[in-house]
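This report refers to the structure that appears directly beneath it.
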Amino acid sequence: NAGVTQTPKFQVLKTGQSMTLQCAQDMNHEYMSWYRQDPGMGLRLIHYSVGAGITDQGEVPNGYNVSRSTTEDFPLRLLSAAPSQTSVYFCASSYSRVTGELFFGEGSRLTVL
Amino acid sequence: AQKVTQAQTEISVVEKEDVTLDCVYETRDTTYYLFWYKQPPSGELVFLIRRNSFDEQNEISGRYSWNFQKSTSSFNFTITASQVVDSAVYFCALLMFSGGYNKLIFGAGTRLAVHP
């Protein structure tokens, strides 16, 4: 079973470049989210979506855009990459807004030079 | 403010030792959920347990056990007879109720190294 699939797994960007991290899930989950993981800071919520067409900001949304045109896909866009966005990014999905049990992708390691 | 503190940054033990990972949380909610996730060296995040605020019974699953104490706002995780495969980063998390979506607040994580 695929679960939550993220691509690419690794990416190096130059400052100012843009890119999209892809996330797809095949579990028909309504709730999807993006987190970034930085050393000593755990995971922080960037953006989330409660269903197709509905997105909202998390703790650290600046510099990122999201959209949710289908239930399956939730891409994260970096508009103009900055070194501060060097991080590991995780996409997650959940079948319930209450449970908090998230299913995570394998992560995408992004380096911005 | 909602907050999760994992004071232990790194723990190193020898195989077969017992080890406890500490988690202290802050919340003003009377109903809340606490979680533990495991991140092995391969990088993925694996759900271990969810506990709600009304259930203070300790939970045991094989070599893993969890001690939830509301009086001290703690949700500690103990691994009995640790094994090398337990080496990972462990995250404690608190579910924050926030309108349309309940958000997980993660602690900074504790890196556990189990040596043969």
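Identifiers in this document derive from the order of the structure tokens: chains are assigned A, B, ..., residues are numbered from 1 separately in each chain, and ligands are numbered from 1 in order of occurrence.
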
Practice item. Restrict the distance test to only C-alpha atoms, flag each residue of chain A within 8 Å of chain B, and return the flagged residues as a PyMOL selection string. Key: chain A and resi 39-45+50+97-98+100-107

Check your understanding: So which residues touch region 52-69 of chain A within 12 Å, counting only C-alpha atoms, skipping near sequence neighbours fewer than 5 positions away, as an MDAnalysis selection string?
Key -> (chainID A and resid 16:24 28:37 43:47 74:85 89 91) or (chainID B and resid 96 98:106)

Check your understanding: Can you list, as a PyMOL selection string, every protein, DNA or RNA residue that comes within 9 Å of Thr111 (chain A) when you count only C-alpha atoms, leaving out same-chain residues fewer than 4 positions away?
Key -> chain A and resi 10-14+83+85-88

Can I get the selection written as an mmCIF file, in the first residue's frame, with C-alpha atoms?
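Contents of out.cif, freshly written:
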```cif
data_model
loop_
_atom_site.group_PDB
_atom_site.id
_atom_site.type_symbol
_atom_site.label_atom_id
_atom_site.label_comp_id
_atom_site.auth_asym_id
_atom_site.auth_seq_id
_atom_site.Cartn_x
_atom_site.Cartn_y
_atom_site.Cartn_z
ATOM 1 C CA PHE A 10 16.057 15.303 -1.960
ATOM 2 C CA GLN A 11 16.387 18.715 -3.608
ATOM 3 C CA VAL A 12 19.018 21.428 -3.730
ATOM 4 C CA LEU A 13 17.939 24.927 -4.691
ATOM 5 C CA LYS A 14 19.614 28.266 -5.089
ATOM 6 C CA PRO A 83 18.388 29.483 3.152
ATOM 7 C CA GLN A 85 13.833 27.116 4.320
ATOM 8 C CA THR A 86 16.521 24.461 4.410
ATOM 9 C CA SER A 87 14.728 21.695 6.274
ATOM 10 C CA VAL A 88 13.101 18.302 6.073
#
```

Practice item. Please indicate the distance in Å from CA of Asn58 (chain B) to CA of Val19 (chain B), rounded to one decimal place. Key: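 So the answer is 16.3 Å.
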
Point to revise | Distance of CA of Cys23 (chain B) from CA of Phe75 (chain B), expressed in Å to one decimal place | key: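 For CA of Phe75 (chain B) relative to CA of Cys23 (chain B), the distance reads 5.3 Å.
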
Practice item. Mind listing the strand (DSSP E) residues of region 9-112 of chain B, per DSSP on the backbone, as a ChimeraX atom specification? Key: /B:10-14,19-21,24-26,33-39,46-52,59-61,64-69,74-79,88-96,103-106,110-112

Exercise for review: Could you check how far CA of Arg28 (chain B) sits from CA of Phe68 (chain B), in Å to one decimal?
Suggested key: 16.9 Å
